[in-house]
$ cat target.txt   # compact mmCIF, N, CA and C atoms
# COMPACT_ATOMS: atom_id res chain seq x y z
N MET A 1 -1.33 122.29 19.98
CA MET A 1 -1.35 121.37 18.88
C MET A 1 -0.58 120.08 19.22
N LYS A 2 0.53 120.23 19.91
CA LYS A 2 1.30 119.05 20.29
C LYS A 2 0.50 118.19 21.26
N ASN A 3 -0.36 118.84 22.06
CA ASN A 3 -1.19 118.09 23.01
C ASN A 3 -2.15 117.17 22.29
N VAL A 4 -2.66 117.61 21.14
CA VAL A 4 -3.59 116.78 20.37
C VAL A 4 -2.86 115.54 19.88
N ASN A 5 -1.66 115.72 19.33
CA ASN A 5 -0.89 114.56 18.87
C ASN A 5 -0.57 113.62 20.02
N PHE A 6 -0.22 114.19 21.16
CA PHE A 6 0.08 113.36 22.32
C PHE A 6 -1.16 112.59 22.75
N LEU A 7 -2.30 113.26 22.78
CA LEU A 7 -3.55 112.62 23.17
C LEU A 7 -3.88 111.46 22.24
N ILE A 8 -3.77 111.68 20.96
CA ILE A 8 -4.08 110.64 19.99
C ILE A 8 -3.07 109.49 20.11
N LEU A 9 -1.81 109.83 20.31
CA LEU A 9 -0.79 108.80 20.49
C LEU A 9 -1.09 107.95 21.72
N VAL A 10 -1.49 108.60 22.81
CA VAL A 10 -1.82 107.87 24.04
C VAL A 10 -2.99 106.93 23.79
N ILE A 11 -4.00 107.40 23.07
CA ILE A 11 -5.15 106.56 22.76
C ILE A 11 -4.71 105.33 21.99
N LEU A 12 -3.94 105.54 20.94
CA LEU A 12 -3.55 104.43 20.08
C LEU A 12 -2.62 103.45 20.79
N ILE A 13 -1.69 103.95 21.58
CA ILE A 13 -0.80 103.06 22.32
C ILE A 13 -1.58 102.27 23.36
N SER A 14 -2.47 102.95 24.05
CA SER A 14 -3.26 102.28 25.08
C SER A 14 -4.11 101.18 24.49
N VAL A 15 -4.70 101.44 23.35
CA VAL A 15 -5.55 100.43 22.71
C VAL A 15 -4.70 99.24 22.26
N GLY A 16 -3.53 99.51 21.76
CA GLY A 16 -2.67 98.43 21.29
C GLY A 16 -2.23 97.48 22.38
N GLY A 17 -2.16 97.94 23.60
CA GLY A 17 -1.69 97.11 24.69
C GLY A 17 -2.78 96.46 25.51
N CYS A 18 -3.97 96.44 25.00
CA CYS A 18 -5.10 95.93 25.80
C CYS A 18 -5.64 94.64 25.23
N ASN A 19 -5.04 93.55 25.60
CA ASN A 19 -5.50 92.25 25.15
C ASN A 19 -5.88 91.35 26.31
N ASN A 20 -6.47 91.94 27.34
CA ASN A 20 -6.91 91.15 28.49
C ASN A 20 -8.08 90.27 28.10
N LYS A 21 -8.15 89.08 28.72
CA LYS A 21 -9.26 88.17 28.46
C LYS A 21 -10.18 88.08 29.66
N HIS A 22 -10.18 89.12 30.49
CA HIS A 22 -11.07 89.18 31.64
C HIS A 22 -12.45 89.60 31.19
N LYS A 23 -13.43 89.44 32.09
CA LYS A 23 -14.76 89.94 31.80
C LYS A 23 -14.70 91.45 31.61
N THR A 24 -15.57 91.95 30.75
CA THR A 24 -15.62 93.39 30.57
C THR A 24 -16.31 94.01 31.78
N SER A 25 -15.92 95.23 32.07
CA SER A 25 -16.50 95.91 33.22
C SER A 25 -17.79 96.59 32.81
N THR A 26 -18.46 97.15 33.79
CA THR A 26 -19.69 97.86 33.50
C THR A 26 -19.41 99.34 33.26
N TYR A 27 -18.16 99.72 33.20
CA TYR A 27 -17.77 101.10 32.95
C TYR A 27 -18.30 101.52 31.58
N GLN A 28 -18.93 102.68 31.52
CA GLN A 28 -19.47 103.20 30.27
C GLN A 28 -18.70 104.45 29.86
N THR A 29 -18.20 104.44 28.64
CA THR A 29 -17.51 105.59 28.09
C THR A 29 -18.54 106.52 27.46
N LYS A 30 -18.30 107.80 27.56
CA LYS A 30 -19.21 108.78 26.97
C LYS A 30 -19.37 108.50 25.47
N PRO A 31 -20.60 108.49 24.97
CA PRO A 31 -20.82 108.28 23.54
C PRO A 31 -20.07 109.29 22.68
N GLU A 32 -19.92 110.51 23.19
CA GLU A 32 -19.20 111.53 22.44
C GLU A 32 -17.75 111.12 22.22
N PHE A 33 -17.16 110.48 23.23
CA PHE A 33 -15.77 110.04 23.11
C PHE A 33 -15.66 108.90 22.10
N ILE A 34 -16.63 108.02 22.11
CA ILE A 34 -16.63 106.91 21.14
C ILE A 34 -16.71 107.47 19.72
N ASN A 35 -17.61 108.42 19.51
CA ASN A 35 -17.74 109.02 18.18
C ASN A 35 -16.47 109.78 17.78
N ALA A 36 -15.88 110.51 18.72
CA ALA A 36 -14.65 111.24 18.43
C ALA A 36 -13.53 110.27 18.10
N TYR A 37 -13.45 109.17 18.84
CA TYR A 37 -12.42 108.16 18.60
C TYR A 37 -12.55 107.60 17.18
N ILE A 38 -13.77 107.30 16.76
CA ILE A 38 -14.00 106.78 15.41
C ILE A 38 -13.58 107.81 14.37
N ASP A 39 -13.97 109.06 14.59
CA ASP A 39 -13.61 110.12 13.65
C ASP A 39 -12.09 110.32 13.60
N LEU A 40 -11.42 110.22 14.75
CA LEU A 40 -9.96 110.38 14.77
C LEU A 40 -9.26 109.22 14.06
N LEU A 41 -9.79 108.02 14.20
CA LEU A 41 -9.22 106.89 13.48
C LEU A 41 -9.36 107.10 11.97
N TYR A 42 -10.53 107.55 11.57
CA TYR A 42 -10.76 107.81 10.15
C TYR A 42 -9.83 108.92 9.67
N LEU A 43 -9.71 109.98 10.45
CA LEU A 43 -8.85 111.10 10.11
C LEU A 43 -7.41 110.64 9.93
N GLN A 44 -6.96 109.77 10.81
CA GLN A 44 -5.59 109.28 10.75
C GLN A 44 -5.33 108.50 9.46
N GLU A 45 -6.36 107.87 8.93
CA GLU A 45 -6.22 107.14 7.67
C GLU A 45 -6.12 108.08 6.48
N ARG A 46 -6.66 109.28 6.61
CA ARG A 46 -6.76 110.21 5.48
C ARG A 46 -5.72 111.33 5.49
N VAL A 47 -5.25 111.70 6.67
CA VAL A 47 -4.34 112.84 6.78
C VAL A 47 -3.09 112.40 7.55
N ASN A 48 -1.95 112.82 7.10
CA ASN A 48 -0.68 112.48 7.76
C ASN A 48 -0.71 113.02 9.19
N PRO A 49 -0.59 112.14 10.20
CA PRO A 49 -0.68 112.57 11.60
C PRO A 49 0.38 113.58 12.02
N SER A 50 1.47 113.71 11.27
CA SER A 50 2.50 114.68 11.65
C SER A 50 2.28 116.05 10.99
N SER A 51 1.23 116.17 10.21
CA SER A 51 0.99 117.44 9.51
C SER A 51 0.18 118.40 10.37
N PRO A 52 0.39 119.70 10.15
CA PRO A 52 -0.42 120.70 10.87
C PRO A 52 -1.92 120.55 10.56
N ALA A 53 -2.25 120.12 9.37
CA ALA A 53 -3.66 119.93 9.00
C ALA A 53 -4.30 118.88 9.89
N TYR A 54 -3.54 117.84 10.23
CA TYR A 54 -4.06 116.79 11.10
C TYR A 54 -4.34 117.34 12.49
N GLU A 55 -3.41 118.11 13.02
CA GLU A 55 -3.58 118.69 14.35
C GLU A 55 -4.82 119.57 14.39
N ASP A 56 -4.96 120.42 13.39
CA ASP A 56 -6.13 121.30 13.33
C ASP A 56 -7.41 120.49 13.21
N SER A 57 -7.39 119.47 12.37
CA SER A 57 -8.58 118.64 12.16
C SER A 57 -8.94 117.86 13.41
N ALA A 58 -7.93 117.39 14.13
CA ALA A 58 -8.18 116.65 15.38
C ALA A 58 -8.86 117.56 16.41
N LEU A 59 -8.44 118.81 16.48
CA LEU A 59 -9.09 119.75 17.40
C LEU A 59 -10.54 119.99 16.98
N ILE A 60 -10.77 120.07 15.68
CA ILE A 60 -12.14 120.26 15.18
C ILE A 60 -13.00 119.06 15.53
N VAL A 61 -12.43 117.86 15.42
CA VAL A 61 -13.18 116.64 15.77
C VAL A 61 -13.58 116.69 17.24
N LEU A 62 -12.65 117.05 18.11
CA LEU A 62 -12.98 117.12 19.54
C LEU A 62 -14.06 118.16 19.80
N GLN A 63 -13.94 119.32 19.16
CA GLN A 63 -14.94 120.37 19.32
C GLN A 63 -16.30 119.91 18.80
N LYS A 64 -16.30 119.20 17.68
CA LYS A 64 -17.55 118.73 17.08
C LYS A 64 -18.30 117.83 18.05
N HIS A 65 -17.56 117.09 18.85
CA HIS A 65 -18.17 116.16 19.79
C HIS A 65 -18.25 116.74 21.21
N ASP A 66 -18.07 118.05 21.30
CA ASP A 66 -18.16 118.76 22.59
C ASP A 66 -17.23 118.17 23.64
N LEU A 67 -16.00 117.88 23.22
CA LEU A 67 -14.99 117.35 24.13
C LEU A 67 -13.79 118.29 24.17
N THR A 68 -13.15 118.33 25.32
CA THR A 68 -11.90 119.07 25.45
C THR A 68 -10.77 118.07 25.55
N GLN A 69 -9.56 118.56 25.37
CA GLN A 69 -8.40 117.68 25.54
C GLN A 69 -8.33 117.15 26.96
N LEU A 70 -8.69 117.97 27.93
CA LEU A 70 -8.69 117.54 29.32
C LEU A 70 -9.68 116.41 29.55
N GLU A 71 -10.89 116.54 29.01
CA GLU A 71 -11.89 115.47 29.16
C GLU A 71 -11.38 114.17 28.56
N CYS A 72 -10.77 114.26 27.39
CA CYS A 72 -10.25 113.05 26.73
C CYS A 72 -9.15 112.42 27.57
N THR A 73 -8.29 113.24 28.11
CA THR A 73 -7.22 112.72 28.96
C THR A 73 -7.80 112.03 30.19
N GLN A 74 -8.84 112.61 30.78
CA GLN A 74 -9.48 112.00 31.95
C GLN A 74 -10.13 110.67 31.59
N ILE A 75 -10.77 110.61 30.44
CA ILE A 75 -11.39 109.35 30.00
C ILE A 75 -10.32 108.29 29.77
N ILE A 76 -9.24 108.68 29.11
CA ILE A 76 -8.14 107.73 28.85
C ILE A 76 -7.54 107.24 30.17
N ASN A 77 -7.36 108.14 31.12
CA ASN A 77 -6.84 107.74 32.43
C ASN A 77 -7.77 106.77 33.12
N ALA A 78 -9.08 107.00 33.03
CA ALA A 78 -10.05 106.08 33.63
C ALA A 78 -9.99 104.72 32.96
N LEU A 79 -9.84 104.70 31.65
CA LEU A 79 -9.72 103.43 30.93
C LEU A 79 -8.43 102.72 31.30
N ASN A 80 -7.36 103.47 31.46
CA ASN A 80 -6.07 102.88 31.78
C ASN A 80 -5.99 102.32 33.20
N LYS A 81 -6.83 102.83 34.10
CA LYS A 81 -6.81 102.33 35.49
C LYS A 81 -7.18 100.85 35.54
N LYS A 82 -8.07 100.46 34.65
CA LYS A 82 -8.48 99.05 34.56
C LYS A 82 -8.49 98.68 33.08
N PRO A 83 -7.41 98.05 32.63
CA PRO A 83 -7.29 97.76 31.20
C PRO A 83 -8.47 97.00 30.61
N LYS A 84 -9.21 96.24 31.43
CA LYS A 84 -10.36 95.53 30.85
C LYS A 84 -11.45 96.51 30.40
N ARG A 85 -11.38 97.75 30.90
CA ARG A 85 -12.31 98.76 30.41
C ARG A 85 -12.07 99.06 28.93
N TRP A 86 -10.80 98.93 28.50
CA TRP A 86 -10.50 99.16 27.08
C TRP A 86 -11.24 98.15 26.22
N LYS A 87 -11.33 96.93 26.70
CA LYS A 87 -12.04 95.90 25.93
C LYS A 87 -13.50 96.29 25.75
N ALA A 88 -14.13 96.77 26.83
CA ALA A 88 -15.52 97.21 26.75
C ALA A 88 -15.64 98.41 25.83
N PHE A 89 -14.69 99.33 25.94
CA PHE A 89 -14.70 100.52 25.08
C PHE A 89 -14.58 100.12 23.61
N LEU A 90 -13.64 99.25 23.30
CA LEU A 90 -13.45 98.83 21.91
C LEU A 90 -14.66 98.06 21.40
N GLN A 91 -15.33 97.34 22.27
CA GLN A 91 -16.57 96.66 21.87
C GLN A 91 -17.64 97.70 21.53
N ASP A 92 -17.70 98.76 22.33
CA ASP A 92 -18.64 99.85 22.03
C ASP A 92 -18.32 100.50 20.69
N VAL A 93 -17.04 100.70 20.42
CA VAL A 93 -16.62 101.26 19.13
C VAL A 93 -17.04 100.33 18.01
N GLN A 94 -16.78 99.04 18.17
CA GLN A 94 -17.15 98.07 17.14
C GLN A 94 -18.66 98.04 16.91
N ASN A 95 -19.42 98.08 17.99
CA ASN A 95 -20.88 98.11 17.87
C ASN A 95 -21.34 99.35 17.11
N ARG A 96 -20.74 100.48 17.43
CA ARG A 96 -21.10 101.72 16.75
C ARG A 96 -20.77 101.63 15.26
N LEU A 97 -19.61 101.09 14.94
CA LEU A 97 -19.23 100.94 13.53
C LEU A 97 -20.16 99.96 12.81
N ASN A 98 -20.56 98.91 13.48
CA ASN A 98 -21.47 97.94 12.87
C ASN A 98 -22.84 98.53 12.60
N ASN A 99 -23.22 99.56 13.36
CA ASN A 99 -24.54 100.17 13.20
C ASN A 99 -24.57 101.30 12.17
N ILE A 100 -23.41 101.60 11.60
CA ILE A 100 -23.37 102.64 10.58
C ILE A 100 -23.85 102.05 9.27
N ASP A 101 -24.86 102.65 8.72
CA ASP A 101 -25.41 102.24 7.43
C ASP A 101 -24.55 102.88 6.35
N SER A 102 -23.93 102.07 5.52
CA SER A 102 -23.01 102.59 4.51
C SER A 102 -23.70 103.56 3.55
N THR A 103 -25.00 103.49 3.41
CA THR A 103 -25.69 104.42 2.54
C THR A 103 -25.78 105.81 3.17
N GLN A 104 -25.50 105.91 4.48
CA GLN A 104 -25.55 107.19 5.16
C GLN A 104 -24.22 107.93 5.11
N VAL A 105 -23.17 107.28 4.66
CA VAL A 105 -21.84 107.89 4.67
C VAL A 105 -21.59 108.58 3.34
N ASP A 106 -21.31 109.86 3.42
CA ASP A 106 -20.95 110.65 2.24
C ASP A 106 -19.45 110.50 2.04
N ILE A 107 -19.05 109.81 0.99
CA ILE A 107 -17.64 109.51 0.77
C ILE A 107 -16.80 110.79 0.64
N ARG A 108 -17.43 111.89 0.24
CA ARG A 108 -16.70 113.15 0.11
C ARG A 108 -16.44 113.79 1.46
N ASN A 109 -17.27 113.49 2.44
CA ASN A 109 -17.12 114.07 3.77
C ASN A 109 -17.59 113.08 4.82
N PRO A 110 -16.87 111.96 4.98
CA PRO A 110 -17.32 110.91 5.90
C PRO A 110 -17.37 111.34 7.36
N ILE A 111 -16.49 112.23 7.78
CA ILE A 111 -16.50 112.64 9.18
C ILE A 111 -17.80 113.38 9.48
N LYS A 112 -18.23 114.26 8.59
CA LYS A 112 -19.51 114.92 8.78
C LYS A 112 -20.64 113.89 8.78
N SER A 113 -20.53 112.89 7.92
CA SER A 113 -21.54 111.85 7.85
C SER A 113 -21.67 111.10 9.16
N PHE A 114 -20.55 110.83 9.83
CA PHE A 114 -20.60 110.13 11.10
C PHE A 114 -21.41 110.90 12.11
N THR A 115 -21.28 112.22 12.10
CA THR A 115 -22.02 113.05 13.04
C THR A 115 -23.51 112.95 12.77
N ASN A 116 -23.88 112.86 11.53
CA ASN A 116 -25.29 112.88 11.15
C ASN A 116 -25.89 111.51 10.97
N ARG A 117 -25.19 110.47 11.36
CA ARG A 117 -25.65 109.12 11.06
C ARG A 117 -26.77 108.64 11.96
N GLY A 118 -27.08 109.37 13.00
CA GLY A 118 -28.19 108.99 13.86
C GLY A 118 -27.86 107.85 14.80
N VAL A 119 -26.60 107.54 14.99
CA VAL A 119 -26.20 106.48 15.91
C VAL A 119 -25.70 107.15 17.18
N GLU A 120 -26.52 107.14 18.18
CA GLU A 120 -26.14 107.78 19.44
C GLU A 120 -26.13 106.79 20.56
$ encode --input "target.txt" --output "structure tokens"
Amino acid sequence: MKNVNFLILVILISVGGCNNKHKTSTYQTKPEFINAYIDLLYLQERVNPSSPAYEDSALIVLQKHDLTQLECTQIINALNKKPKRWKAFLQDVQNRLNNIDSTQVDIRNPIKSFTNRGVE
């Protein structure tokens, strides 16, 4: 459980420190990781990150997207090797969010809605 919090903390810290103005690389992040990242951001807005419920929910999010903690750590390490990759990753996240049709999101269960939104 502590690994999940550490993983999420690493993601958020890494994203916060990536303000390079270099060209984006051609590195492509797994779509599953992008979707999991979006779901984790949403989860963080709804559930206290220090609560056991958050840890359990974060593990469920990773499982839902067929990701392991090890895979996420490897992706984060690859992004961290070249910080401009974070810019490309965040652009992919933004593009994915822009393509979500608000009529497809069930306000009672938005994380499930993200999975079923048809944006792959």
$ atom_distance --input "target.txt" --atom1 "atom N of Leu41 in chain A" --atom2 "CA of Glu55 in chain A"
12.3 Å
$ atom_distance --input "target.txt" --atom1 "atom C of Ile75 in chain A" --atom2 "atom C of Thr29 in chain A"
8.7 Å
$ residues_around --input "target.txt" --residues "Lys64 in chain A" --least-positions-apart "4" --cutoff "8 Å" --atoms "all atoms listed in the file" --output "list in words"
Glu32, Ala36, Ala58, Leu59, Ile60 and Thr115 of chain A
$ closest_residue --input "target.txt" --among "A:Asn99, A:Pro31, A:Pro49, A:Lys82" --to "His65 in chain A" --atoms "only C-alpha atoms"
A:Pro31
$ atom_distance --input "target.txt" --atom1 "atom C of Lys87 in chain A" --atom2 "CA of Val61 in chain A"
22.7 Å
$ axis_aligned_box --input "target.txt" --around "range 26-40 of chain A" --padding-each-side "8 Å" --output "lines of an AutoDock Vina configuration file"
center_x = -15.0
center_y = 104.3
center_z = 23.7
size_x = 27.6
size_y = 30.4
size_z = 36.2
